[in-house]
Amino acid sequence: MNISENIKKYKNELPEDVTLVAISKTKPIEFVLEAYNAGQRIFGENKIQEMVDKYEALPKDIEWHIVGHVQTNKVKYMAPFVKLIHAVDSLKLLKEINKQAKNNNRLIECLLQIKIAEEETKFGITIEEAEHILNSEEFKRMHHVKIVGLMGMATFTENENQVSNEFSFLKKHFDFLKQKNQDFQILSMGMSGDYKIAIANGSSMVRLGSSIFGER
Ligand SMILES: *Cc1c(COP(=O)(O)O)cnc(C)c1O
């Protein structure tokens, strides 16, 4: 894998309005630095401890995203620096993020993870649950979190039609919710195997790991 070549390739290939998050989970600091030196500034991890370790070791102008499921009791470790939390799936978690952001005098941006895949194992909530959170009095009283959009993971399948349908379902609901939620601006969908289909269906942020850094 030539990491800097890959970063340059995606910078050329991706449409201008699609943000690349380089998913560096399980990969060493040196790999992240190579991507950084090729100009990449946005990185994503799925484990909080690993993200904290990398944050401490790497240049401070990196924007860190957490893309995996977040345990409430670990929010405090990333609250001082995390830029975007991709997988918020409950009001309880949002409340804790708000509390820890307040403790750090920060505003933390969040995406609600919607379950669009048919697989049982994937995390996420329904559109109805997302609306419930967005319309709740509790959320309206939180001043240290901002819900800036949605995230979704499609079914892991060769069936491109199915993947496309799942992404377009999310895009449709994103556009609908955006009408009432002015902060909505990010639709995070697409990984190494399906980012082209995601972009064709309106993704504004792709999360690429193995296609940049190699298989895990
Ligand atoms: C690991 C991971 C990715 C990147 O997956 P690749 O297939 O390696 O591109 C994207 N999103 C989430 C939530 C992940 O956990």
# chains A, B, ... in the order shown; residues from 1 in each chain; ligands from 1
call {"tool": "residues_near_ligand", "arguments": {"ligand": "ligand 1", "cutoff": "9 Å", "atoms": "only C-alpha atoms and all ligand atoms", "output": "PyMOL selection string"}}
result
chain A and resi 21-25+44-46+66-69+86-87+151-153+189-195+206-216
call {"tool": "residues_around", "arguments": {"residues": "A:Val32", "least_positions_apart": "4", "cutoff": "10 Å", "atoms": "only C-alpha atoms", "output": "ChimeraX atom specification"}}
result
/A:3-4,22-25,27-28,36-38,40-41,43,54,58,213
call {"tool": "write_last_selection", "arguments": {"atoms": "N, CA and C atoms", "output": "mmCIF file, in the first residue's frame"}}
result
data_model
loop_
_atom_site.group_PDB
_atom_site.id
_atom_site.type_symbol
_atom_site.label_atom_id
_atom_site.label_comp_id
_atom_site.auth_asym_id
_atom_site.auth_seq_id
_atom_site.Cartn_x
_atom_site.Cartn_y
_atom_site.Cartn_z
ATOM 1 N N ILE A 3 0.372 4.770 0.864
ATOM 2 C CA ILE A 3 -0.656 5.587 1.511
ATOM 3 C C ILE A 3 -0.761 6.978 0.893
ATOM 4 N N SER A 4 0.394 7.624 0.652
ATOM 5 C CA SER A 4 0.288 8.992 0.123
ATOM 6 C C SER A 4 -0.271 9.005 -1.297
ATOM 7 N N ALA A 22 -10.352 9.628 6.636
ATOM 8 C CA ALA A 22 -9.439 8.492 6.517
ATOM 9 C C ALA A 22 -9.531 7.669 7.800
ATOM 10 N N ILE A 23 -10.013 6.441 7.667
ATOM 11 C CA ILE A 23 -10.241 5.602 8.853
ATOM 12 C C ILE A 23 -8.963 4.816 9.175
ATOM 13 N N SER A 24 -8.303 5.240 10.243
ATOM 14 C CA SER A 24 -6.968 4.706 10.561
ATOM 15 C C SER A 24 -6.970 3.657 11.672
ATOM 16 N N LYS A 25 -8.135 3.163 12.029
ATOM 17 C CA LYS A 25 -8.232 2.172 13.123
ATOM 18 C C LYS A 25 -7.317 0.975 12.900
ATOM 19 N N LYS A 27 -4.288 0.854 12.635
ATOM 20 C CA LYS A 27 -3.049 1.158 11.918
ATOM 21 C C LYS A 27 -2.137 2.046 12.768
ATOM 22 N N PRO A 28 -0.810 1.878 12.617
ATOM 23 C CA PRO A 28 0.138 2.605 13.466
ATOM 24 C C PRO A 28 0.212 4.106 13.149
ATOM 25 N N TYR A 36 -1.082 12.210 6.593
ATOM 26 C CA TYR A 36 -1.037 13.623 7.002
ATOM 27 C C TYR A 36 -0.081 14.404 6.098
ATOM 28 N N ASN A 37 1.078 13.815 5.861
ATOM 29 C CA ASN A 37 2.074 14.493 5.027
ATOM 30 C C ASN A 37 1.643 14.603 3.572
ATOM 31 N N ALA A 38 0.696 13.755 3.178
ATOM 32 C CA ALA A 38 0.128 13.868 1.824
ATOM 33 C C ALA A 38 -1.033 14.862 1.786
ATOM 34 N N GLN A 40 -3.780 14.944 4.099
ATOM 35 C CA GLN A 40 -5.026 14.547 4.770
ATOM 36 C C GLN A 40 -5.075 15.091 6.207
ATOM 37 N N ARG A 41 -6.192 15.687 6.595
ATOM 38 C CA ARG A 41 -6.311 16.255 7.938
ATOM 39 C C ARG A 41 -7.451 15.663 8.761
ATOM 40 N N PHE A 43 -9.270 12.372 10.231
ATOM 41 C CA PHE A 43 -9.082 10.946 10.480
ATOM 42 C C PHE A 43 -10.187 10.421 11.390
ATOM 43 N N LYS A 54 -3.620 8.285 19.619
ATOM 44 C CA LYS A 54 -3.152 8.885 18.368
ATOM 45 C C LYS A 54 -3.224 10.409 18.426
ATOM 46 N N LEU A 58 0.110 12.828 17.671
ATOM 47 C CA LEU A 58 0.128 13.382 16.309
ATOM 48 C C LEU A 58 -0.120 14.897 16.292
ATOM 49 N N PHE A 213 -5.288 2.497 3.716
ATOM 50 C CA PHE A 213 -4.219 1.982 4.583
ATOM 51 C C PHE A 213 -3.933 0.489 4.422
#
call {"tool": "residues_around", "arguments": {"residues": "A:Ile197", "least_positions_apart": "3", "cutoff": "9 Å", "atoms": "only C-alpha atoms", "output": "list in words"}}
result
Glu160, Val163, Ser164, Phe167, Gly190, Asp194, Ala200, Asn201, Gly202 and Ser203 of chain A
call {"tool": "write_last_selection", "arguments": {"atoms": "N, CA, C and O atoms", "output": "PDB file, in the first residue's frame"}}
result
ATOM      1  N   GLU A 160     -25.645  -4.690  -5.480  1.00  0.00           N
ATOM      2  CA  GLU A 160     -25.494  -3.231  -5.535  1.00  0.00           C
ATOM      3  C   GLU A 160     -26.831  -2.507  -5.511  1.00  0.00           C
ATOM      4  O   GLU A 160     -26.925  -1.380  -5.039  1.00  0.00           O
ATOM      5  N   VAL A 163     -27.798  -2.133  -1.890  1.00  0.00           N
ATOM      6  CA  VAL A 163     -26.978  -1.094  -1.256  1.00  0.00           C
ATOM      7  C   VAL A 163     -27.467   0.290  -1.684  1.00  0.00           C
ATOM      8  O   VAL A 163     -27.644   1.198  -0.871  1.00  0.00           O
ATOM      9  N   SER A 164     -27.724   0.424  -2.971  1.00  0.00           N
ATOM     10  CA  SER A 164     -28.196   1.687  -3.518  1.00  0.00           C
ATOM     11  C   SER A 164     -29.549   2.087  -2.914  1.00  0.00           C
ATOM     12  O   SER A 164     -29.772   3.250  -2.546  1.00  0.00           O
ATOM     13  N   PHE A 167     -29.003   3.351   0.690  1.00  0.00           N
ATOM     14  CA  PHE A 167     -28.439   4.711   0.739  1.00  0.00           C
ATOM     15  C   PHE A 167     -29.478   5.743   0.294  1.00  0.00           C
ATOM     16  O   PHE A 167     -29.559   6.828   0.882  1.00  0.00           O
ATOM     17  N   GLY A 190     -20.867   5.553   3.093  1.00  0.00           N
ATOM     18  CA  GLY A 190     -19.906   5.041   2.136  1.00  0.00           C
ATOM     19  C   GLY A 190     -18.591   4.643   2.790  1.00  0.00           C
ATOM     20  O   GLY A 190     -17.992   5.429   3.514  1.00  0.00           O
ATOM     21  N   ASP A 194     -18.229   0.452  -0.846  1.00  0.00           N
ATOM     22  CA  ASP A 194     -19.493   0.946  -1.412  1.00  0.00           C
ATOM     23  C   ASP A 194     -19.556   2.472  -1.554  1.00  0.00           C
ATOM     24  O   ASP A 194     -20.629   3.028  -1.781  1.00  0.00           O
ATOM     25  N   ALA A 200     -23.168   8.345  -5.410  1.00  0.00           N
ATOM     26  CA  ALA A 200     -24.230   8.416  -6.425  1.00  0.00           C
ATOM     27  C   ALA A 200     -25.590   8.675  -5.779  1.00  0.00           C
ATOM     28  O   ALA A 200     -26.501   9.203  -6.401  1.00  0.00           O
ATOM     29  N   ASN A 201     -25.705   8.304  -4.487  1.00  0.00           N
ATOM     30  CA  ASN A 201     -26.969   8.496  -3.784  1.00  0.00           C
ATOM     31  C   ASN A 201     -26.954   9.685  -2.829  1.00  0.00           C
ATOM     32  O   ASN A 201     -27.790   9.780  -1.934  1.00  0.00           O
ATOM     33  N   GLY A 202     -25.979  10.578  -2.998  1.00  0.00           N
ATOM     34  CA  GLY A 202     -26.034  11.837  -2.256  1.00  0.00           C
ATOM     35  C   GLY A 202     -25.194  11.945  -1.007  1.00  0.00           C
ATOM     36  O   GLY A 202     -25.364  12.876  -0.221  1.00  0.00           O
ATOM     37  N   SER A 203     -24.245  11.026  -0.809  1.00  0.00           N
ATOM     38  CA  SER A 203     -23.365  11.140   0.358  1.00  0.00           C
ATOM     39  C   SER A 203     -22.544  12.429   0.303  1.00  0.00           C
ATOM     40  O   SER A 203     -22.129  12.866  -0.773  1.00  0.00           O
TER      41      SER A 203
END
call {"tool": "select_by_dssp", "arguments": {"residues": "chain A", "states": "helix (DSSP H, G or I)", "output": "number ranges by chain"}}
result
A: 3-13, 29-37, 48-57, 72-78, 91-103, 127-135, 137-140, 160-180, 195-200, 210-213
call {"tool": "select_by_dssp", "arguments": {"residues": "stretch 9-132 of chain A", "states": "strand (DSSP E)", "output": "ChimeraX atom specification"}}
result
/A:19-23,42-45,63-66,84-88,108-115
call {"tool": "residues_around", "arguments": {"residues": "stretch 120-136 of chain A", "least_positions_apart": "6", "cutoff": "12 Å", "atoms": "only C-alpha atoms", "output": "count of residues only"}}
result
46
call {"tool": "residues_around", "arguments": {"residues": "A:Val18", "least_positions_apart": "4", "cutoff": "10 Å", "atoms": "only C-alpha atoms", "output": "list in words"}}
result
Lys11, Leu14, Ile186, Leu187, Ser188, Ile199, Gly202, Ser203, Ser204, Met205 and Val206 of chain A
call {"tool": "write_last_selection", "arguments": {"atoms": "N, CA and C atoms", "output": "CSV table (one decimal), in the first residue's frame"}}
result
chain,number,residue,atom,x,y,z
A,11,LYS,N,-8.2,12.4,-3.4
A,11,LYS,CA,-8.4,13.8,-3.5
A,11,LYS,C,-8.8,14.2,-4.9
A,14,LEU,N,-12.6,12.1,-5.7
A,14,LEU,CA,-13.9,12.4,-5.0
A,14,LEU,C,-14.4,13.8,-5.5
A,186,ILE,N,-24.4,17.3,7.0
A,186,ILE,CA,-23.6,16.2,6.7
A,186,ILE,C,-24.4,14.9,6.6
A,187,LEU,N,-24.1,14.2,5.5
A,187,LEU,CA,-24.7,12.8,5.3
A,187,LEU,C,-23.5,11.9,5.1
A,188,SER,N,-23.2,11.1,6.2
A,188,SER,CA,-22.0,10.3,6.2
A,188,SER,C,-22.4,8.9,5.8
A,199,ILE,N,-21.9,7.9,-3.0
A,199,ILE,CA,-21.8,9.2,-3.6
A,199,ILE,C,-22.9,9.4,-4.6
A,202,GLY,N,-26.0,10.6,-3.0
A,202,GLY,CA,-26.0,11.8,-2.3
A,202,GLY,C,-25.2,11.9,-1.0
A,203,SER,N,-24.2,11.0,-0.8
A,203,SER,CA,-23.4,11.1,0.4
A,203,SER,C,-22.5,12.4,0.3
A,204,SER,N,-22.3,13.0,1.5
A,204,SER,CA,-21.4,14.2,1.5
A,204,SER,C,-20.1,13.9,2.3
A,205,MET,N,-20.0,12.7,2.9
A,205,MET,CA,-18.9,12.3,3.6
A,205,MET,C,-18.6,10.8,3.5
A,206,VAL,N,-17.5,10.4,3.1
A,206,VAL,CA,-17.2,9.0,3.0
A,206,VAL,C,-16.1,8.6,4.0
call {"tool": "atom_distance", "arguments": {"atom1": "atom CA of A:Glu56", "atom2": "atom CA of A:Ala35"}}
result
16.9 Å
call {"tool": "atom_distance", "arguments": {"atom1": "atom CA of A:Ile48", "atom2": "atom CA of A:Glu30"}}
result
18.8 Å
call {"tool": "residues_around", "arguments": {"residues": "A:Ile62", "least_positions_apart": "2", "cutoff": "7 Å", "atoms": "only C-alpha atoms", "output": "number ranges by chain"}}
result
A: 41-42, 59-60, 64
